[in-house]
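Source file: run04.txt. Holds: compact mmCIF, C-alpha atoms.
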```
# COMPACT_ATOMS: atom_id res chain seq x y z
CA MET A 1 322.56 49.40 39.55
CA LYS A 2 325.16 49.31 42.34
CA ILE A 3 324.33 46.96 45.20
CA LEU A 4 325.96 46.54 48.62
CA ILE A 5 325.76 43.09 50.25
CA VAL A 6 326.27 43.05 54.03
CA ASP A 7 326.69 39.75 55.89
CA ASP A 8 329.30 38.57 58.38
CA PHE A 9 329.58 35.18 56.63
CA SER A 10 331.58 35.44 53.41
CA THR A 11 329.88 32.26 52.11
CA MET A 12 326.47 33.94 52.31
CA ARG A 13 327.82 37.10 50.65
CA ARG A 14 329.11 34.99 47.77
CA ILE A 15 325.79 33.16 47.45
CA ILE A 16 323.85 36.43 47.28
CA LYS A 17 326.42 37.95 44.92
CA ASN A 18 326.06 34.99 42.53
CA LEU A 19 322.28 35.05 42.70
CA LEU A 20 322.28 38.78 41.92
CA ARG A 21 324.64 38.18 39.01
CA ASP A 22 322.18 35.56 37.78
CA LEU A 23 319.46 38.21 37.91
CA GLY A 24 321.60 40.55 35.84
CA TYR A 25 323.06 42.71 38.62
CA ASN A 26 326.82 42.60 38.16
CA ASN A 27 327.87 45.69 40.09
CA THR A 28 328.04 44.52 43.71
CA ALA A 29 330.28 45.21 46.69
CA GLU A 30 330.50 43.48 50.08
CA ALA A 31 330.81 44.46 53.74
CA ASP A 32 330.89 42.25 56.80
CA ASP A 33 328.93 44.38 59.24
CA GLY A 34 327.02 47.63 59.61
CA SER A 35 329.93 49.76 60.75
CA THR A 36 331.95 48.85 57.64
CA ALA A 37 328.90 49.16 55.41
CA LEU A 38 327.74 52.61 56.51
CA PRO A 39 330.79 54.61 55.33
CA MET A 40 330.76 52.63 52.07
CA LEU A 41 327.12 53.60 51.55
CA GLN A 42 327.82 57.23 52.43
CA ASN A 43 330.67 57.51 49.95
CA GLY A 44 329.77 55.08 47.25
CA ASN A 45 326.62 55.92 45.22
CA TYR A 46 324.86 52.68 45.97
CA ASP A 47 321.34 52.07 44.72
CA PHE A 48 320.33 49.11 46.82
CA LEU A 49 321.28 47.49 50.12
CA VAL A 50 320.96 43.79 51.01
CA THR A 51 321.77 43.15 54.66
CA ASP A 52 321.84 40.41 57.27
CA TRP A 53 320.56 41.17 60.81
CA ASN A 54 322.75 39.20 63.22
CA MET A 55 326.33 40.43 62.85
CA PRO A 56 329.05 41.15 65.41
CA GLY A 57 329.75 44.86 65.49
CA MET A 58 326.83 46.79 64.08
CA PRO A 59 323.79 44.58 63.40
CA GLY A 60 321.63 44.99 60.30
CA ILE A 61 318.71 46.58 62.13
CA ASP A 62 320.99 49.38 63.37
CA LEU A 63 322.40 49.80 59.87
CA LEU A 64 318.85 50.10 58.54
CA ARG A 65 318.06 52.78 61.14
CA ALA A 66 321.30 54.61 60.34
CA VAL A 67 320.44 54.56 56.62
CA ARG A 68 316.95 55.91 57.27
CA ALA A 69 318.39 58.62 59.53
CA ASP A 70 320.91 59.79 56.92
CA PRO A 71 319.36 62.47 54.68
CA ARG A 72 321.32 61.29 51.65
CA LEU A 73 320.59 57.59 52.14
CA LYS A 74 317.10 57.63 53.62
CA ASP A 75 315.32 56.66 50.38
CA MET A 76 317.61 53.75 49.55
CA PRO A 77 315.71 50.44 49.22
CA VAL A 78 316.83 47.92 51.84
CA LEU A 79 316.25 44.18 51.69
CA MET A 80 316.90 42.20 54.84
CA VAL A 81 318.06 38.59 54.38
CA THR A 82 318.34 36.98 57.80
CA ALA A 83 317.82 33.89 59.93
CA GLU A 84 315.96 36.01 62.49
CA ALA A 85 312.41 34.72 62.30
CA LYS A 86 310.57 36.08 65.32
CA ARG A 87 307.40 37.97 64.52
CA GLU A 88 308.41 40.87 66.74
CA GLN A 89 311.68 41.16 64.82
CA ILE A 90 309.93 41.30 61.47
CA VAL A 91 307.60 43.96 62.88
CA GLU A 92 310.62 45.86 64.25
CA ALA A 93 312.32 45.79 60.84
CA ALA A 94 309.10 46.92 59.15
CA GLN A 95 308.78 49.82 61.58
CA ALA A 96 312.41 50.76 60.95
CA GLY A 97 311.51 51.06 57.26
CA VAL A 98 312.73 47.87 55.60
CA ASN A 99 311.54 47.33 52.01
CA GLY A 100 311.66 43.53 52.02
CA TYR A 101 312.35 40.70 54.48
CA ILE A 102 313.64 37.25 53.54
CA VAL A 103 314.14 34.51 56.11
CA LYS A 104 317.11 32.16 55.66
CA PRO A 105 317.33 29.55 54.31
CA PHE A 106 315.79 31.01 51.15
CA THR A 107 315.55 30.06 47.49
CA ALA A 108 316.82 31.85 44.41
CA GLU A 109 313.18 32.38 43.37
CA THR A 110 312.34 34.13 46.65
CA LEU A 111 315.24 36.55 46.24
CA LYS A 112 314.26 37.29 42.66
CA GLU A 113 310.62 37.80 43.58
CA LYS A 114 311.36 40.19 46.47
CA ILE A 115 313.86 42.25 44.50
CA ASN A 116 311.45 42.59 41.59
CA LYS A 117 308.68 43.60 43.96
CA ILE A 118 310.83 46.27 45.61
CA PHE A 119 311.73 47.83 42.26
CA GLU A 120 308.17 47.64 40.97
CA ARG A 121 307.01 49.56 44.03
CA LEU A 122 309.74 52.15 43.64
CA GLN A 123 308.75 52.71 40.02
CA GLU A 124 305.10 53.08 41.01
CA LYS A 125 306.10 55.72 43.54
CA GLY A 126 308.62 57.47 41.31
CA MET B 1 346.26 38.76 106.85
CA GLU B 2 348.11 35.77 108.24
CA ASN B 3 350.56 38.03 110.09
CA GLN B 4 347.66 39.76 111.69
CA GLU B 5 346.23 36.40 112.79
CA ASP B 6 349.63 35.38 114.12
CA SER B 7 350.10 38.55 116.14
CA LYS B 8 346.55 38.25 117.47
CA GLU B 9 347.29 34.72 118.60
CA ALA B 10 350.63 35.76 120.11
CA LEU B 11 348.93 38.54 122.02
CA PHE B 12 346.29 36.10 123.26
CA ARG B 13 348.97 33.64 124.40
CA GLN B 14 350.89 36.44 126.11
CA GLN B 15 347.76 37.46 128.00
CA GLN B 16 347.06 33.85 129.01
CA LEU B 17 350.63 33.47 130.23
CA GLU B 18 350.37 36.63 132.31
CA ARG B 19 347.12 35.39 133.84
CA ALA B 20 348.69 32.01 134.60
CA ARG B 21 351.56 33.73 136.41
CA GLU B 22 349.06 35.88 138.26
CA LEU B 23 347.15 32.71 139.20
CA VAL B 24 350.31 31.11 140.61
CA THR B 25 351.02 34.25 142.64
CA LEU B 26 347.46 34.34 143.95
CA MET B 27 347.52 30.64 144.95
CA GLU B 28 350.97 30.96 146.59
CA SER B 29 349.71 33.91 148.60
CA GLY B 30 346.67 31.81 149.60
CA ASP B 31 344.07 34.09 147.97
CA GLU B 32 341.65 31.27 147.06
CA GLU B 33 338.80 33.61 146.21
CA GLY B 34 340.94 35.71 143.83
CA ALA B 35 342.33 32.56 142.18
CA GLY B 36 338.77 31.23 141.61
CA ARG B 37 337.71 34.48 139.97
CA LEU B 38 340.72 34.43 137.67
CA ILE B 39 340.09 30.83 136.56
CA GLU B 40 336.51 31.73 135.73
CA GLU B 41 337.64 34.75 133.71
CA MET B 42 340.12 32.69 131.71
CA GLY B 43 337.38 30.21 130.82
CA ARG B 44 335.08 33.02 129.68
CA MET B 45 337.79 34.38 127.36
CA HIS B 46 338.12 31.02 125.67
CA GLU B 47 334.40 30.73 125.25
CA SER B 48 334.00 34.18 123.69
CA LEU B 49 336.75 33.37 121.17
CA LEU B 50 334.94 30.17 120.25
CA PHE B 51 331.68 32.07 119.75
CA GLN B 52 333.42 34.64 117.59
CA GLU B 53 334.79 31.92 115.32
CA LEU B 54 331.45 30.18 115.18
CA GLY B 55 329.74 33.45 114.35
CA LYS B 56 332.14 34.11 111.51
CA LEU B 57 331.60 30.63 110.09
CA THR B 58 327.83 31.05 110.26
CA ARG B 59 328.02 34.36 108.43
CA ASP B 60 330.25 32.90 105.68
CA LEU B 61 327.87 30.01 105.18
CA HIS B 62 324.92 32.34 105.04
CA GLU B 63 326.57 34.55 102.44
CA ALA B 64 327.67 31.60 100.38
CA LEU B 65 324.14 30.22 100.31
CA ASN B 66 322.74 33.62 99.46
CA SER B 67 325.10 34.25 96.59
CA PHE B 68 324.39 30.79 95.29
CA ARG B 69 320.69 31.51 95.32
CA LEU B 70 321.24 34.89 93.65
CA ASP B 71 323.15 33.27 90.84
CA SER B 72 320.10 31.74 89.20
CA ARG B 73 321.88 31.85 85.84
CA LEU B 74 323.54 28.56 86.73
CA SER B 75 320.29 26.72 87.24
CA GLU B 76 318.94 28.29 84.08
CA LEU B 77 322.01 27.00 82.29
CA THR B 78 321.48 23.45 83.46
CA HIS B 79 317.72 23.38 83.01
CA GLN B 80 317.38 25.08 79.69
CA ASP B 81 320.54 26.16 77.93
CA ILE B 82 322.46 22.89 78.07
CA PRO B 83 319.58 20.77 76.67
CA ASP B 84 319.06 23.55 74.11
CA ALA B 85 322.72 23.39 73.15
CA LYS B 86 322.37 19.68 72.43
CA GLU B 87 319.46 20.38 70.09
CA ARG B 88 321.40 23.21 68.47
CA LEU B 89 324.35 20.94 67.77
CA ASN B 90 321.95 18.34 66.38
CA TYR B 91 320.66 21.05 64.07
CA VAL B 92 324.24 21.69 62.93
CA VAL B 93 324.74 17.98 62.20
CA ALA B 94 321.45 17.80 60.29
CA MET B 95 322.15 20.99 58.29
CA THR B 96 325.68 19.96 57.29
CA ASP B 97 324.42 16.48 56.38
CA GLN B 98 321.67 17.96 54.24
CA ALA B 99 324.02 20.41 52.54
CA ALA B 100 326.56 17.68 51.76
CA HIS B 101 323.87 15.47 50.21
CA ARG B 102 322.41 18.35 48.25
CA THR B 103 325.85 19.12 46.84
CA LEU B 104 326.64 15.47 46.09
CA ASN B 105 323.27 14.95 44.39
CA ALA B 106 323.88 17.94 42.15
CA VAL B 107 327.40 16.76 41.33
CA GLU B 108 326.18 13.25 40.58
CA ALA B 109 323.51 14.66 38.28
CA ALA B 110 325.93 17.00 36.51
CA LEU B 111 328.91 14.68 35.98
CA PRO B 112 327.26 12.23 33.49
CA VAL B 113 325.83 15.17 31.53
CA SER B 114 329.24 16.79 31.10
CA GLU B 115 330.85 13.42 30.32
CA ALA B 116 328.26 12.67 27.63
CA LEU B 117 328.77 16.10 26.08
CA ALA B 118 332.53 15.58 26.00
CA ASN B 119 332.14 12.13 24.37
CA ARG B 120 329.81 13.35 21.65
CA ALA B 121 332.04 16.37 20.97
CA ARG B 122 335.04 14.07 20.57
CA ILE B 123 333.24 11.81 18.05
CA LEU B 124 331.86 14.75 16.10
CA GLY B 125 335.30 16.38 16.16
CA ALA B 126 336.82 13.30 14.50
CA ASP B 127 334.04 13.27 11.87
CA TRP B 128 334.52 16.97 11.24
CA ALA B 129 338.26 16.46 10.71
CA ARG B 130 337.52 13.72 8.14
CA PHE B 131 335.07 16.03 6.38
CA ARG B 132 337.64 18.84 6.22
CA GLN B 133 340.15 16.44 4.68
CA ARG B 134 337.48 15.45 2.14
CA GLU B 135 337.48 11.83 3.28
CA MET B 136 333.70 11.70 3.66
CA THR B 137 331.01 10.44 1.29
CA VAL B 138 327.91 12.55 0.72
CA ASP B 139 325.69 10.05 2.59
CA GLU B 140 328.06 10.01 5.50
CA PHE B 141 328.14 13.79 5.56
CA ARG B 142 324.35 13.93 5.66
CA SER B 143 324.23 11.79 8.79
CA VAL B 144 327.12 13.69 10.42
CA SER B 145 325.39 16.97 9.65
CA GLN B 146 322.22 15.72 11.37
CA ALA B 147 324.29 14.53 14.37
CA LEU B 148 325.90 17.96 14.55
CA ALA B 149 322.53 19.71 14.56
CA ASP B 150 321.28 17.37 17.32
CA PHE B 151 324.45 17.94 19.29
CA LEU B 152 324.13 21.72 19.20
CA GLN B 153 320.52 21.51 20.32
CA ASP B 154 321.35 19.07 23.13
CA THR B 155 324.30 21.18 24.22
CA GLU B 156 322.03 24.13 24.82
CA ARG B 157 319.70 21.93 26.89
CA ASP B 158 322.53 20.23 28.83
CA ALA B 159 324.30 23.50 29.55
CA GLU B 160 321.07 24.67 31.19
CA THR B 161 320.99 21.43 33.24
CA LEU B 162 324.59 22.03 34.34
CA ARG B 163 323.80 25.64 35.20
CA SER B 164 320.88 24.64 37.41
CA GLN B 165 322.90 21.90 39.15
CA LEU B 166 325.67 24.41 39.82
CA SER B 167 323.10 26.84 41.25
CA GLU B 168 321.95 24.02 43.51
CA VAL B 169 325.55 23.59 44.72
CA LEU B 170 325.73 27.35 45.28
CA MET B 171 322.54 27.47 47.34
CA ALA B 172 323.56 24.41 49.36
CA GLN B 173 326.42 26.45 50.81
CA ASP B 174 324.00 28.51 52.90
CA PHE B 175 324.49 25.94 55.66
CA GLN B 176 327.79 27.57 56.58
CA ASP B 177 326.11 30.81 57.63
CA LEU B 178 323.22 29.13 59.43
CA THR B 179 325.29 26.56 61.32
CA GLY B 180 328.00 29.16 61.99
CA GLN B 181 325.49 31.35 63.82
CA VAL B 182 324.28 28.39 65.87
CA ILE B 183 327.82 27.25 66.75
CA ARG B 184 328.71 30.78 67.85
CA ARG B 185 325.71 30.74 70.15
CA VAL B 186 326.77 27.43 71.71
CA MET B 187 330.29 28.82 72.15
CA THR B 188 328.86 31.78 74.07
CA LEU B 189 326.96 29.32 76.25
CA VAL B 190 330.10 27.31 76.99
CA GLN B 191 331.89 30.52 77.95
CA ASP B 192 328.97 31.51 80.17
CA LEU B 193 328.97 28.09 81.80
CA GLU B 194 332.69 28.31 82.43
CA ASP B 195 332.34 31.74 84.06
CA ASN B 196 329.59 30.44 86.30
CA LEU B 197 331.53 27.35 87.31
CA VAL B 198 334.53 29.49 88.17
CA GLY B 199 332.20 31.62 90.28
CA LEU B 200 330.91 28.51 92.00
CA VAL B 201 334.42 27.32 92.76
CA ARG B 202 335.21 30.75 94.12
CA ILE B 203 332.31 30.81 96.57
CA SER B 204 332.90 27.29 97.77
CA GLY B 205 336.64 27.94 98.06
CA LYS B 206 338.55 29.79 100.75
CA ARG B 207 338.13 33.28 99.41
CA LEU B 208 334.58 34.30 99.54
CA SER B 209 333.18 36.49 96.83
CA THR B 210 329.79 36.96 95.26
CA PRO B 211 329.72 36.27 91.55
CA GLU B 212 327.87 38.96 89.70
CA GLY B 213 324.56 37.70 88.37
CA LYS B 214 324.72 38.38 84.67
CA ASP B 215 321.81 40.21 83.18
CA ARG B 216 320.14 38.30 80.44
CA ASP B 217 319.94 40.17 77.19
CA ALA B 218 317.20 42.70 77.28
CA GLY B 219 314.84 43.34 74.39
CA VAL B 220 314.95 41.63 71.04
CA GLN B 221 318.47 40.46 70.44
CA PRO B 222 319.39 38.61 67.29
CA THR B 223 319.65 34.90 68.04
CA GLY B 224 320.38 33.32 64.68
CA PRO B 225 318.28 30.51 63.21
CA ALA B 226 315.43 29.21 65.37
CA VAL B 227 316.16 25.57 66.21
CA LYS B 228 313.35 23.09 66.74
CA GLY B 229 313.10 21.50 70.18
CA THR B 230 314.80 24.41 71.95
CA SER B 231 313.46 27.37 73.89
CA ASP B 232 313.70 29.35 70.64
CA HIS B 233 310.21 28.44 69.70
CA GLY B 234 308.22 31.37 70.84
CA ASP B 235 306.60 33.45 68.20
CA VAL B 236 308.67 32.34 65.25
CA VAL B 237 307.47 32.38 61.67
CA LYS B 238 307.58 29.02 59.93
CA SER B 239 308.10 30.02 56.33
CA GLN B 240 308.69 32.90 53.94
CA ASP B 241 304.91 32.88 53.36
CA ASP B 242 304.37 33.69 57.04
CA VAL B 243 306.83 36.58 56.73
CA ASP B 244 304.98 37.88 53.68
CA ASP B 245 301.59 37.55 55.42
CA LEU B 246 302.85 39.39 58.48
CA LEU B 247 304.34 42.19 56.40
CA SER B 248 301.21 42.58 54.29
CA SER B 249 299.16 42.76 57.50
CA LEU B 250 301.40 45.71 58.40
CA GLY B 251 300.50 47.39 55.12
CA PHE B 252 303.49 46.24 53.08
```
What does this structure look like when you write it as structure tokens?
Amino acid sequence: MKILIVDDFSTMRRIIKNLLRDLGYNNTAEADDGSTALPMLQNGNYDFLVTDWNMPGMPGIDLLRAVRADPRLKDMPVLMVTAEAKREQIVEAAQAGVNGYIVKPFTAETLKEKINKIFERLQEKG
Amino acid sequence: MENQEDSKEALFRQQQLERARELVTLMESGDEEGAGRLIEEMGRMHESLLFQELGKLTRDLHEALNSFRLDSRLSELTHQDIPDAKERLNYVVAMTDQAAHRTLNAVEAALPVSEALANRARILGADWARFRQREMTVDEFRSVSQALADFLQDTERDAETLRSQLSEVLMAQDFQDLTGQVIRRVMTLVQDLEDNLVGLVRISGKRLSTPEGKDRDAGVQPTGPAVKGTSDHGDVVKSQDDVDDLLSSLGF
């Protein structure tokens, strides 16, 4: 399982990377905004995307839309981990096709729970 | 600009001088009526210049007041954004304080555990060395063997304690992202305030110009963490449970 972590704060990327390692996912890469992440996704055989929303350059919501618009990436599960907590934003992300939404600050348990849920759903579908 | 003013003034003075000479000629020739008319005309010229200046001043003032009124961003800044910024910086102080304590608590919980493990390992190591050199009685070995079994069991438990305290330290670092976003927002505000103050100085200064009223961000723009006691608190979810409820109401 190859996972891309996108956040403009390197501290948060390291936190998520360590939590994923704890959950048994060792194959991760990092990007600091959507415009760096998108070419990595297009060329890199990733299985899962974890992204922040508020980033200078291309924000996470635009990255999500770009992923859904790309025929090769459109089915990739996307988990949004963000401090954006307005209801309309969560609705916007849902409409753009997000698979999970975690509001910062979050706990290790929340991350684990959401990731498990996303993969359970994918297995049900597949 | 100044040269133009100067030449205008020079021209005006020249004309006045010519009229004054004309006046002298008229008076010397005894044309009282003509002299009277000329004096009146000279007065009118002065008056019209005064009115022109006054008119220009009035227009400047009017435009200055108008542009000031148009630039409502400044009053918004003082009424809402500055008090908000104070709350945001308080949030930063509180978050960094909390993160530091969380880290220190975890360190304080972990240090004695690792110290105790090291002490017991040292004692058992010495016993083990004596055993290998056959300096140990059977009874002594029995008790050391029990201590070794206990130690291995406790090590497994304590390693788990250390792991969870280290995870706590890891999670406590999330403050850097959250406070970083808030500080960036305050920095944008300070920049905005500076721009507006410069605009204000410009309109009250000699050169008149209308500062462009900046459009506020349209639509849903990311704003970073919602901070209590600021204008952030519109329709903001309060917990991950709220997020989950909202998403499940959308069929997730």
### Task
Return the neighbours of chain A among the residues of chain B, cut-off 8 Å, counting only C-alpha atoms, as number ranges by chain.
B: 170-171, 173-174, 176-178, 220, 222-226, 234-240, 243-244, 246-247, 250
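What separates CA of Arg68 in chain A from CA of Asn26 in chain A is a distance of 25.3 Å.
Going from CA of Leu79 in chain A to CA of Ile118 in chain A covers 8.4 Å.
One finds CA of Ala31 in chain A at 12.8 Å from CA of Tyr46 in chain A.
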### Query
range 87-92 of chain B: which residues within 7 Å, counting all atoms listed in the file, same-chain residues fewer than 2 positions away excluded, as number ranges by chain?
B: 83-85, 94-96, 179, 182, 227, 229-230
First collect every listed atom of range 238-242 of chain B; then fit an axis-aligned box around them, widen it by 5 Å on each side, and give centre and edge lengths in Å to one decimal, as AutoDock Vina command-line options.
```
--center_x 306.5 --center_y 31.4 --center_z 56.6 --size_x 14.3 --size_y 14.7 --size_z 16.6
```
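Residue nearest Gly43 in chain B within the list B:Asp31, B:Leu111, B:Gln16, B:Leu61: B:Gln16 [criterion: smallest interatomic distance, all atoms listed in the file].
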### Query
Which is closest to Glu113 in chain A among A:Leu23, A:Met1, A:Ala29, A:Val6, if we use all atoms listed in the file?
A:Leu23
### Message
List as a VMD selection string the protein and nucleic acid residues near range 121-128 of chain B, meaning an atom at most 8 Å away when only C-alpha atoms are counted, but skip any in the same chain fewer than 6 places from it.
### Response
chain B and resid 144 147 to 148 151
### Summary
Using only C-alpha atoms, the best pick from B:Arg73, B:Leu54, B:Asp6, B:Asp81 as closest to Asp195 in chain B would be B:Arg73
